[in-house]
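structure08.cif (mmCIF, C-alpha atoms) appears below.
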```cif
data_target
loop_
_atom_site.label_atom_id
_atom_site.label_comp_id
_atom_site.auth_asym_id
_atom_site.auth_seq_id
_atom_site.Cartn_x
_atom_site.Cartn_y
_atom_site.Cartn_z
CA MET T 40 135.69 142.47 67.94
CA GLU T 41 135.95 139.58 65.53
CA LYS T 42 138.32 140.28 62.64
CA THR T 43 136.41 139.54 59.45
CA TRP T 44 137.03 140.06 55.74
CA ARG T 45 134.73 140.55 52.78
CA TRP T 46 135.37 137.65 50.42
CA PHE T 47 133.65 137.20 47.07
CA GLY T 48 133.43 133.43 46.94
CA LYS T 49 135.47 130.68 45.36
CA LYS T 50 136.32 132.80 42.31
CA ASP T 51 137.91 135.51 44.49
CA LYS T 52 141.61 135.90 43.71
CA ILE T 53 142.18 136.31 47.44
CA THR T 54 141.93 132.80 48.86
CA LEU T 55 140.75 131.67 52.26
CA SER T 56 144.20 130.26 53.03
CA MET T 57 145.69 133.71 52.39
CA LEU T 58 143.19 135.24 54.78
CA ARG T 59 143.91 132.69 57.49
CA GLN T 60 147.60 133.60 57.29
CA ILE T 61 146.99 137.33 57.87
CA GLY T 62 144.88 136.85 60.99
CA VAL T 63 141.34 136.90 59.63
CA GLU T 64 138.90 135.01 61.86
CA GLY T 65 135.54 135.31 60.12
CA ILE T 66 134.34 135.60 56.55
CA VAL T 67 131.80 138.06 55.19
CA THR T 68 130.31 136.76 51.96
CA ALA T 69 127.17 135.87 50.03
CA LEU T 70 125.86 133.36 47.51
CA HIS T 71 126.77 135.63 44.63
CA ASP T 72 125.67 133.23 41.89
CA ILE T 73 122.02 133.27 42.94
CA PRO T 74 120.04 136.04 41.19
CA ASN T 75 118.39 138.71 43.30
CA GLY T 76 114.98 137.70 44.56
CA GLU T 77 115.52 133.96 44.34
CA ILE T 78 115.64 131.69 47.38
CA TRP T 79 119.00 130.71 48.83
CA PRO T 80 118.65 126.92 49.17
CA TYR T 81 119.60 125.42 52.51
CA GLU T 82 122.00 123.02 50.79
CA ALA T 83 123.85 125.88 49.11
CA VAL T 84 124.12 127.76 52.41
CA VAL T 85 125.53 124.69 54.17
CA GLU T 86 127.98 124.01 51.35
CA MET T 87 129.39 127.54 51.61
CA ARG T 88 129.47 127.40 55.41
CA ASP T 89 131.36 124.11 55.37
CA TYR T 90 133.76 125.24 52.63
CA ILE T 91 134.73 128.21 54.78
CA ALA T 92 134.98 126.06 57.91
CA ALA T 93 137.32 123.64 56.14
CA ALA T 94 139.78 126.53 55.81
CA GLY T 95 139.69 127.11 59.57
CA LEU T 96 137.39 130.12 59.37
CA ARG T 97 133.69 130.72 59.91
CA TRP T 98 130.97 132.38 57.88
CA SER T 99 130.31 135.27 60.25
CA VAL T 100 128.19 137.67 58.21
CA VAL T 101 126.11 137.58 55.05
CA GLU T 102 126.87 140.64 52.94
CA SER T 103 124.56 140.94 51.29
CA LEU T 104 121.25 139.17 51.00
CA PRO T 105 120.01 141.81 48.53
CA VAL T 106 116.62 143.42 48.96
CA SER T 107 115.04 143.45 45.49
CA GLU T 108 114.18 146.82 44.01
CA SER T 109 110.50 145.84 43.88
CA ILE T 110 110.47 145.49 47.67
CA LYS T 111 112.01 148.95 47.98
CA TYR T 112 109.58 150.72 45.67
CA GLY T 113 106.58 148.56 46.60
CA GLY T 114 106.01 146.72 43.32
CA PRO T 115 103.17 144.26 42.70
CA ASP T 116 105.43 141.26 43.34
CA ARG T 117 106.94 142.50 46.60
CA ASP T 118 105.05 140.05 48.83
CA ARG T 119 106.31 137.10 46.79
CA LEU T 120 109.85 138.48 46.93
CA ILE T 121 109.59 139.07 50.68
CA GLU T 122 108.41 135.49 51.13
CA ASN T 123 111.48 134.29 49.20
CA TYR T 124 113.61 136.48 51.46
CA ILE T 125 112.00 134.94 54.55
CA VAL T 126 112.77 131.42 53.30
CA SER T 127 116.39 132.43 52.66
CA LEU T 128 116.66 133.88 56.17
CA ALA T 129 115.27 130.65 57.62
CA ASN T 130 117.81 128.60 55.68
CA LEU T 131 120.64 130.82 56.90
CA GLY T 132 119.40 130.62 60.49
CA LYS T 133 119.08 126.83 60.38
CA ALA T 134 122.66 126.64 59.10
CA GLY T 135 123.92 128.84 61.95
CA VAL T 136 124.66 131.97 59.90
CA LYS T 137 123.05 134.60 62.08
CA THR T 138 124.05 138.10 60.87
CA VAL T 139 122.68 139.55 57.63
CA CYS T 140 123.85 142.89 56.27
CA TYR T 141 121.58 144.53 53.68
CA ASN T 142 120.76 147.98 52.39
CA PHE T 143 117.65 149.92 51.43
CA MET T 144 119.26 152.29 48.93
CA PRO T 145 117.24 152.71 45.73
CA VAL T 146 119.04 151.58 42.54
CA LEU T 147 122.53 152.87 43.40
CA ASP T 148 124.15 151.11 46.34
CA TRP T 149 127.19 153.34 46.61
CA ALA T 150 128.67 156.04 44.43
CA ARG T 151 132.21 157.07 43.48
CA THR T 152 133.38 158.97 40.41
CA ASP T 153 137.06 157.94 40.47
CA LEU T 154 138.21 154.46 41.47
CA GLU T 155 141.96 155.21 41.32
CA HIS T 156 142.40 158.76 42.61
CA PRO T 157 146.18 159.24 43.09
CA ASN T 158 147.62 159.91 46.53
CA ALA T 159 150.93 161.63 47.24
CA ASP T 160 152.50 158.37 48.48
CA GLY T 161 151.93 156.52 45.19
CA THR T 162 148.81 154.66 46.26
CA SER T 163 145.33 155.43 44.95
CA SER T 164 141.92 155.62 46.61
CA LEU T 165 138.25 155.87 45.83
CA TYR T 166 136.98 159.43 45.32
CA PHE T 167 133.65 161.20 44.92
CA ASP T 168 133.60 164.45 42.95
CA ARG T 169 130.19 166.06 43.15
CA ALA T 170 130.72 168.12 39.99
CA ASP T 171 131.74 165.04 38.00
CA PHE T 172 128.70 163.25 39.38
CA ALA T 173 126.54 166.17 38.27
CA TYR T 174 128.02 165.91 34.76
CA PHE T 175 127.07 162.23 34.70
CA ASP T 176 123.57 163.01 35.95
CA CYS T 177 122.87 165.97 33.64
CA CYS T 178 124.81 165.14 30.47
CA ILE T 179 125.12 161.35 30.30
CA LEU T 180 122.08 160.11 32.18
CA LYS T 181 120.12 163.26 31.15
CA ARG T 182 117.75 162.88 34.09
CA GLU T 183 114.80 165.20 33.82
CA GLY T 184 115.13 168.13 36.21
CA ALA T 185 118.63 167.11 37.32
CA GLU T 186 120.07 170.62 36.96
CA ALA T 187 117.84 171.89 39.78
CA ASP T 188 119.62 169.57 42.25
CA TYR T 189 122.98 171.34 41.88
CA GLY T 190 124.16 174.85 42.67
CA ALA T 191 125.40 177.39 40.14
CA ASP T 192 129.06 176.66 40.90
CA ILE T 193 128.59 172.96 40.20
CA MET T 194 126.72 173.65 36.97
CA GLU T 195 129.54 175.96 35.83
CA HIS T 196 131.89 173.02 36.24
CA VAL T 197 129.49 170.85 34.23
CA GLU T 198 129.45 173.38 31.39
CA ARG T 199 133.27 173.42 31.30
CA LYS T 200 133.40 169.62 31.24
CA LYS T 201 131.05 169.48 28.26
CA ALA T 202 133.74 171.12 26.14
CA VAL T 203 136.52 168.67 27.01
CA MET T 204 134.93 165.29 27.77
CA THR T 205 135.46 162.61 25.12
CA PRO T 206 133.29 159.53 24.52
CA GLU T 207 136.02 157.54 26.27
CA ASP T 208 135.84 159.85 29.28
CA ASP T 209 132.07 159.46 29.39
CA HIS T 210 132.40 155.68 29.22
CA LYS T 211 134.90 155.70 32.09
CA LEU T 212 132.53 157.72 34.25
CA VAL T 213 129.67 155.34 33.49
CA GLU T 214 131.88 152.40 34.43
CA ASN T 215 132.92 154.02 37.70
CA ILE T 216 129.44 155.07 38.81
CA ILE T 217 127.07 152.32 37.67
CA ILE T 218 129.09 149.26 36.66
CA LYS T 219 132.31 148.60 38.54
CA THR T 220 130.93 149.70 41.92
CA GLN T 221 127.52 148.04 41.46
CA GLY T 222 127.70 144.78 39.55
CA PHE T 223 129.26 142.78 42.37
CA VAL T 224 126.98 144.43 44.94
CA ASN T 225 123.41 144.28 43.69
CA GLY T 226 123.53 142.70 40.26
CA ASN T 227 121.28 145.38 38.75
CA ILE T 228 123.82 146.21 36.03
CA LYS T 229 126.56 143.85 34.93
CA GLU T 230 129.81 144.52 33.09
CA ASP T 231 128.56 142.70 29.98
CA ASP T 232 125.32 144.69 29.69
CA GLU T 233 125.31 146.45 26.31
CA LYS T 234 123.25 149.50 27.33
CA PRO T 235 123.97 150.21 31.00
CA VAL T 236 122.78 153.83 30.91
CA GLU T 237 119.43 152.81 29.42
CA ILE T 238 119.01 150.07 32.02
CA PHE T 239 119.88 152.54 34.75
CA ARG T 240 117.29 155.04 33.49
CA GLU T 241 114.65 152.31 33.56
CA LEU T 242 115.55 151.45 37.16
CA LEU T 243 115.28 155.10 38.18
CA GLY T 244 111.87 155.25 36.51
CA LEU T 245 110.56 152.55 38.83
CA TYR T 246 110.81 155.04 41.70
CA LYS T 247 108.66 157.72 40.09
CA GLY T 248 106.37 159.04 42.81
CA ILE T 249 108.31 157.32 45.62
CA ASP T 250 109.34 159.98 48.10
CA ARG T 251 111.10 159.74 51.45
CA ASP T 252 107.93 158.87 53.36
CA ALA T 253 106.93 156.18 50.87
CA LEU T 254 110.37 154.57 50.96
CA ARG T 255 110.33 154.64 54.76
CA GLU T 256 106.95 152.93 54.78
CA ASN T 257 108.22 150.25 52.39
CA MET T 258 111.20 149.64 54.69
CA ARG T 259 108.90 149.36 57.69
CA TYR T 260 106.68 146.93 55.77
CA PHE T 261 109.68 144.77 54.84
CA LEU T 262 111.17 144.70 58.34
CA SER T 263 107.81 143.94 59.95
CA ALA T 264 107.43 140.97 57.60
CA VAL T 265 110.86 139.45 58.25
CA MET T 266 111.17 139.95 62.00
CA PRO T 267 109.16 136.81 62.93
CA VAL T 268 111.57 134.50 61.10
CA CYS T 269 114.52 136.45 62.57
CA GLU T 270 113.11 135.83 66.04
CA GLN T 271 112.51 132.15 65.28
CA TYR T 272 116.10 131.48 64.19
CA GLY T 273 118.00 134.21 66.04
CA VAL T 274 119.01 136.06 62.88
CA ASP T 275 120.06 139.72 63.15
CA MET T 276 119.28 142.07 60.28
CA CYS T 277 121.59 145.10 60.06
CA VAL T 278 121.02 147.82 57.50
CA HIS T 279 123.97 149.57 55.87
CA PRO T 280 123.89 153.39 55.87
CA ASP T 281 123.46 155.14 52.54
CA ASP T 282 126.73 155.83 50.75
CA PRO T 283 127.14 158.73 50.40
CA PRO T 284 124.65 159.79 53.08
CA LEU T 285 123.13 162.38 50.76
CA GLN T 286 120.18 162.67 48.41
CA ILE T 287 121.32 161.82 44.86
CA LEU T 288 119.73 161.28 41.44
CA GLY T 289 116.38 162.50 42.71
CA LEU T 290 116.04 159.35 44.81
CA PRO T 291 115.06 159.33 48.47
CA ARG T 292 117.80 158.15 50.85
CA ILE T 293 116.61 157.17 54.30
CA VAL T 294 119.65 155.95 56.30
CA THR T 295 121.84 159.04 56.27
CA CYS T 296 121.97 160.50 59.79
CA ASP T 297 121.05 160.22 63.47
CA GLU T 298 117.38 160.98 62.85
CA ASP T 299 117.15 158.32 60.11
CA ILE T 300 118.79 155.64 62.25
CA ALA T 301 116.49 156.40 65.16
CA TRP T 302 113.49 156.23 62.82
CA PHE T 303 114.07 152.73 61.42
CA LEU T 304 115.08 151.29 64.80
CA ASN T 305 111.90 152.66 66.37
CA ALA T 306 109.65 151.90 63.39
CA VAL T 307 110.20 148.18 63.99
CA ASP T 308 111.45 148.07 67.56
CA ASN T 309 112.84 144.55 67.68
CA PRO T 310 116.29 143.50 68.97
CA HIS T 311 116.90 141.69 65.66
CA ASN T 312 116.44 144.95 63.74
CA GLY T 313 119.87 146.53 63.88
CA LEU T 314 122.52 148.66 62.23
CA THR T 315 125.65 147.97 60.23
CA PHE T 316 127.83 150.76 61.57
CA CYS T 317 129.75 151.79 58.45
CA ALA T 318 132.06 154.52 59.69
CA GLY T 319 133.10 155.42 56.17
CA SER T 320 129.60 155.96 54.84
CA LEU T 321 128.56 157.99 57.85
CA SER T 322 131.75 160.07 57.88
CA ALA T 323 131.20 161.10 54.24
CA GLY T 324 128.39 163.31 55.51
CA ALA T 325 129.73 166.44 57.20
CA HIS T 326 126.50 166.54 59.23
CA ASN T 327 127.40 163.31 61.07
CA ASN T 328 129.43 163.14 64.30
CA VAL T 329 130.54 159.55 63.85
CA PRO T 330 131.98 158.81 67.33
CA GLU T 331 128.83 160.23 68.90
CA LEU T 332 126.64 158.00 66.70
CA ALA T 333 128.72 154.97 67.71
CA ARG T 334 128.17 155.71 71.40
CA LYS T 335 124.46 156.23 70.87
CA TYR T 336 123.81 153.11 68.79
CA ALA T 337 126.44 150.62 70.04
CA SER T 338 123.79 148.37 71.59
CA ARG T 339 121.83 148.15 68.32
CA THR T 340 124.90 147.67 66.13
CA LYS T 341 125.32 144.12 64.78
CA PHE T 342 128.26 144.58 62.40
CA VAL T 343 131.00 147.21 62.01
CA HIS T 344 132.75 148.50 58.89
CA LEU T 345 135.90 150.37 59.84
CA ARG T 346 137.05 152.94 57.30
CA SER T 347 137.24 156.70 57.17
CA THR T 348 136.85 159.59 54.73
CA ASP T 349 138.04 163.13 54.25
CA VAL T 350 135.25 165.54 53.36
CA LEU T 351 136.51 168.19 50.97
CA PRO T 352 135.15 171.49 49.62
CA GLY T 353 132.29 171.37 47.13
CA GLY T 354 130.72 168.22 48.52
CA ASN T 355 133.62 166.01 47.47
CA PHE T 356 135.12 163.28 49.62
CA LYS T 357 137.87 160.67 49.44
CA GLU T 358 138.71 157.50 51.28
CA ALA T 359 141.21 158.27 54.02
CA SER T 360 143.70 156.14 55.90
CA HIS T 361 142.07 153.97 58.56
CA LEU T 362 144.01 156.00 61.15
CA ALA T 363 143.00 159.39 59.75
CA GLY T 364 139.98 161.17 58.30
CA ARG T 365 136.88 162.30 60.18
CA ALA T 366 135.49 158.93 61.29
CA GLY T 367 137.59 158.84 64.47
CA ILE T 368 138.18 155.11 64.20
CA ILE T 369 140.26 154.82 67.36
CA ASP T 370 137.36 156.28 69.36
CA LEU T 371 134.99 153.90 67.58
CA VAL T 372 137.09 150.89 68.56
CA ARG T 373 137.07 152.09 72.17
CA THR T 374 133.29 152.33 72.09
CA PHE T 375 132.58 148.99 70.47
CA GLN T 376 135.26 147.02 72.34
CA LYS T 377 133.78 148.26 75.61
CA GLU T 378 130.05 148.29 74.83
CA ASN T 379 129.61 145.41 72.37
CA PRO T 380 132.88 143.47 72.12
CA SER T 381 131.59 140.39 70.30
CA LEU T 382 130.74 142.31 67.14
CA PRO T 383 132.14 141.18 63.80
CA MET T 384 134.29 143.93 62.27
CA ARG T 385 135.77 144.19 58.82
CA VAL T 386 138.12 146.79 57.40
CA ASP T 387 136.45 148.40 54.44
CA HIS T 388 137.58 150.26 51.33
CA ALA T 389 141.35 150.55 51.29
CA PRO T 390 143.92 151.99 48.87
CA LEU T 391 145.40 150.22 45.89
CA MET T 392 149.07 149.62 46.64
CA LEU T 393 151.99 147.33 45.86
CA GLY T 394 150.50 146.04 42.60
CA ASP T 395 146.88 145.78 43.74
CA GLU T 396 145.89 147.89 40.74
CA LYS T 397 146.96 145.11 38.35
CA MET T 398 144.91 142.35 39.98
CA GLY T 399 141.38 143.25 38.90
CA TYR T 400 139.97 143.32 42.42
CA ASN T 401 136.47 144.66 43.00
CA ALA T 402 136.55 148.43 43.50
CA GLY T 403 137.58 149.26 47.06
CA TYR T 404 138.56 145.70 47.92
CA SER T 405 142.30 145.49 47.39
CA PHE T 406 144.41 142.86 49.13
CA HIS T 407 147.50 144.75 50.25
CA GLY T 408 145.55 147.88 51.14
CA ARG T 409 143.11 145.96 53.30
CA MET T 410 145.87 143.85 54.81
CA LEU T 411 147.64 147.05 55.94
CA ALA T 412 144.34 148.36 57.34
CA LEU T 413 143.69 145.10 59.18
CA GLY T 414 147.13 145.26 60.76
CA GLN T 415 146.49 148.83 61.84
CA MET T 416 143.14 147.91 63.36
CA GLU T 417 144.58 144.86 65.10
CA GLY T 418 147.12 147.15 66.78
CA VAL T 419 144.43 149.64 67.79
CA MET T 420 142.28 146.84 69.22
CA ALA T 421 145.21 145.46 71.26
CA VAL T 422 145.87 148.87 72.81
CA VAL T 423 142.18 149.41 73.55
CA ASP T 424 141.88 145.98 75.15
CA ARG T 425 144.75 146.91 77.47
CA GLU T 426 143.07 150.24 78.29
CA ILE T 427 139.89 148.37 79.22
CA ALA T 428 141.77 145.80 81.30
CA GLU T 429 143.55 148.56 83.19
CA GLY T 430 140.32 150.43 83.80
CA LYS T 431 141.40 153.47 81.81
CA ILE T 432 138.17 153.54 79.77
#
```
Represent the structure contained in this file as structure tokens.
Amino acid sequence: MEKTWRWFGKKDKITLSMLRQIGVEGIVTALHDIPNGEIWPYEAVVEMRDYIAAAGLRWSVVESLPVSESIKYGGPDRDRLIENYIVSLANLGKAGVKTVCYNFMPVLDWARTDLEHPNADGTSSLYFDRADFAYFDCCILKREGAEADYGADIMEHVERKKAVMTPEDDHKLVENIIIKTQGFVNGNIKEDDEKPVEIFRELLGLYKGIDRDALRENMRYFLSAVMPVCEQYGVDMCVHPDDPPLQILGLPRIVTCDEDIAWFLNAVDNPHNGLTFCAGSLSAGAHNNVPELARKYASRTKFVHLRSTDVLPGGNFKEASHLAGRAGIIDLVRTFQKENPSLPMRVDHAPLMLGDEKMGYNAGYSFHGRMLALGQMEGVMAVVDREIAEGKI
């Protein structure tokens, strides 16, 4: 697999020259300055492609070309927004950037409640505490009917937290759930927004009446519309699984498991309609056998995120070492190196370590933590390549 790295553009504190030195081959990035829904001009795509090439690297994957909320919930302007998306895909294809990662998660792209959960070795990792998330949902967001989504044990925890949480604690939870993990991903809520909770409530309201079937139909509508331009320019679309792969905030989530993956691949059965195999997202659901999913969908996978999680009691989970957790990453590398070896792969969320916590990196995207993970994966890939060459797998 091609060793790639998620890079956040020219303002990223991690430079392309640094990445070249640690063995990165391809770059995963986006035109982050262009607002969601607007066309990515061909000239801007070429400028970014050439800037990356000048550093001896290539723009391997777009992550992400965001799908506007209106496309997801089927708003009155969705056809105009889809047309803009089609033009952007054409401009990417003409510039030779052929893999586009996106997601179809309503409002909240990914959720964590603690961005610096301490580990025994002195590092820290991302963490999801379902009870803390319930407190946010019921007591800060105050979503109507939220209490019915949680069991009695979780609600007991929420009641205890009410007595001890300070305004500062509430603010930290809001930052962790809807600002620091979202602003650099989808642009819905930015760090300088004065009323993020109110904005978030308004976004949730847009999905009133949108259930699982309706969201699936809107995804099918979108994919059917973009596949012709993907065929014309050889662009692969690869959806990212929901993170976590669970129903949250009363919103439908439709890329959570084997049955969901089979549905969207069959709904628009086109070789350019594919999967971003995010081992971390999938492993956060105890219902998913991640190595089995990799074997089943290797041929329709266009991009791989290698990370792993530990699923804990109560619906909690934490980011695990890339060599541990329930994702079974070594087995995944064996599958993809044998079945689809040209895939771009990037190491995903990694711990904060060796001063990463002081650098202001985007949540989950440390330098030293990811560099360690990349070294681990490079070693795994070398061993697997030898196993393949010797006919052992």
- Rounded to one decimal in Å, what is the spacing between CA of Leu332 (chain T) and CA of Asp297 (chain T)?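 If I compute the distance from CA of Leu332 (chain T) to CA of Asp297 (chain T), I get 6.8 Å.
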- Task: Run the PyMOL selection byres ((chain T and resi 260) around 12) mentally over the shown coordinates, then write out the matched residues as a ChimeraX atom specification, using the chain letters and numbers from the document.
- Result: /T:110-113,117-118,121,253-259,261-266,303,306-307
- Applied to the shown file, which residues does the PyMOL selection byres ((chain T and resi 277) around 9) return, written as a ChimeraX atom specification? /T:138-142,275-276,278-279,311-316,339-342
To test the calculation: enclose all listed atoms of region 167-175 of chain T in a box whose edges run along x, y and z, add 8 Å on each side, then state centre and edge lengths in Å to one decimal, as JSON.
```
{"center_x": 130.1, "center_y": 164.7, "center_z": 39.8, "size_x": 23.1, "size_y": 22.9, "size_z": 26.2}
```
- Message: I'd like to know which of T:Val343, T:Cys269, T:Met398, T:Leu128 is closest to Asp51 (chain T), using all atoms listed in the file.
- Response: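 Nearest candidate to Asp51 (chain T) out of T:Val343, T:Cys269, T:Met398, T:Leu128: T:Met398.
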- Work out how far CA of Arg373 (chain T) is from CA of Asn158 (chain T), in Å to one decimal.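 If I compute the distance from CA of Asn158 (chain T) to CA of Arg373 (chain T), I get 28.8 Å.
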Residue neighbourhood Val268 (chain T), 9 Å, all atoms listed in the file, exclusion window fewer than 6 positions, as a short mmCIF file (atom, residue, chain, number, x, y, z; two decimals) with C-alpha atoms, in the frame of the given file:
```cif
data_model
loop_
_atom_site.label_atom_id
_atom_site.label_comp_id
_atom_site.auth_asym_id
_atom_site.auth_seq_id
_atom_site.Cartn_x
_atom_site.Cartn_y
_atom_site.Cartn_z
CA ILE T 125 112.00 134.94 54.55
CA VAL T 126 112.77 131.42 53.30
CA LEU T 128 116.66 133.88 56.17
CA ALA T 129 115.27 130.65 57.62
CA GLY T 132 119.40 130.62 60.49
CA VAL T 274 119.01 136.06 62.88
#
```
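Taking CA of Arg182 (chain T) and CA of Arg240 (chain T) as endpoints, the distance between them is 7.9 Å.
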- Message: Quick check on the file I pasted: which residues fall under the PyMOL selection byres ((chain T and resi 283) around 10)? Write them as a list in words.
- Response: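 Answer for the PyMOL selection byres ((chain T and resi 283) around 10): Asp148, Trp149, Ala150, Arg151, Phe167, Pro280, Asp281, Asp282, Pro284, Leu285, Gln286, Ile287, Arg292, Val294, Thr295, Gly319, Ser320, Leu321, Ser322, Ala323, Gly324 and Phe356 of chain T.
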- Message: Calculated over only C-alpha atoms, which of the candidates T:Val84, T:Leu147, T:Leu96, T:Val203 has the smallest distance to Asn227 (chain T)?
- Response: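 Comparing T:Val84, T:Leu147, T:Leu96, T:Val203 against Asn227 (chain T), the winner is T:Leu147.
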- From T:Gly62, T:His196, T:Trp44, T:Pro310, residue lying nearest Glu417 (chain T) [only C-alpha atoms]: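 For Glu417 (chain T), the nearest of the given residues is T:Gly62.
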- Task: Please identify all polymer residues within 12 Å of Gly48 (chain T), counting all atoms listed in the file, omitting same-chain residues fewer than 5 positions from it, and present them as a VMD selection string.
- Result: chain T and resid 53 to 55 66 to 72 86 to 88 90 to 91 98 101 to 102 223
- Query: T:Met40, T:Leu411, T:Leu131, T:Ala359: which is nearest Tyr166 (chain T), counting only C-alpha atoms?
  - Reply: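 Residue with the minimum atom-to-atom distance to Tyr166 (chain T): T:Ala359.
Among the candidates T:Gly289, T:Pro115, T:Pro74, T:Pro145, the residue lying nearest to Asp188 (chain T) is T:Gly289 (atoms considered: only C-alpha atoms).
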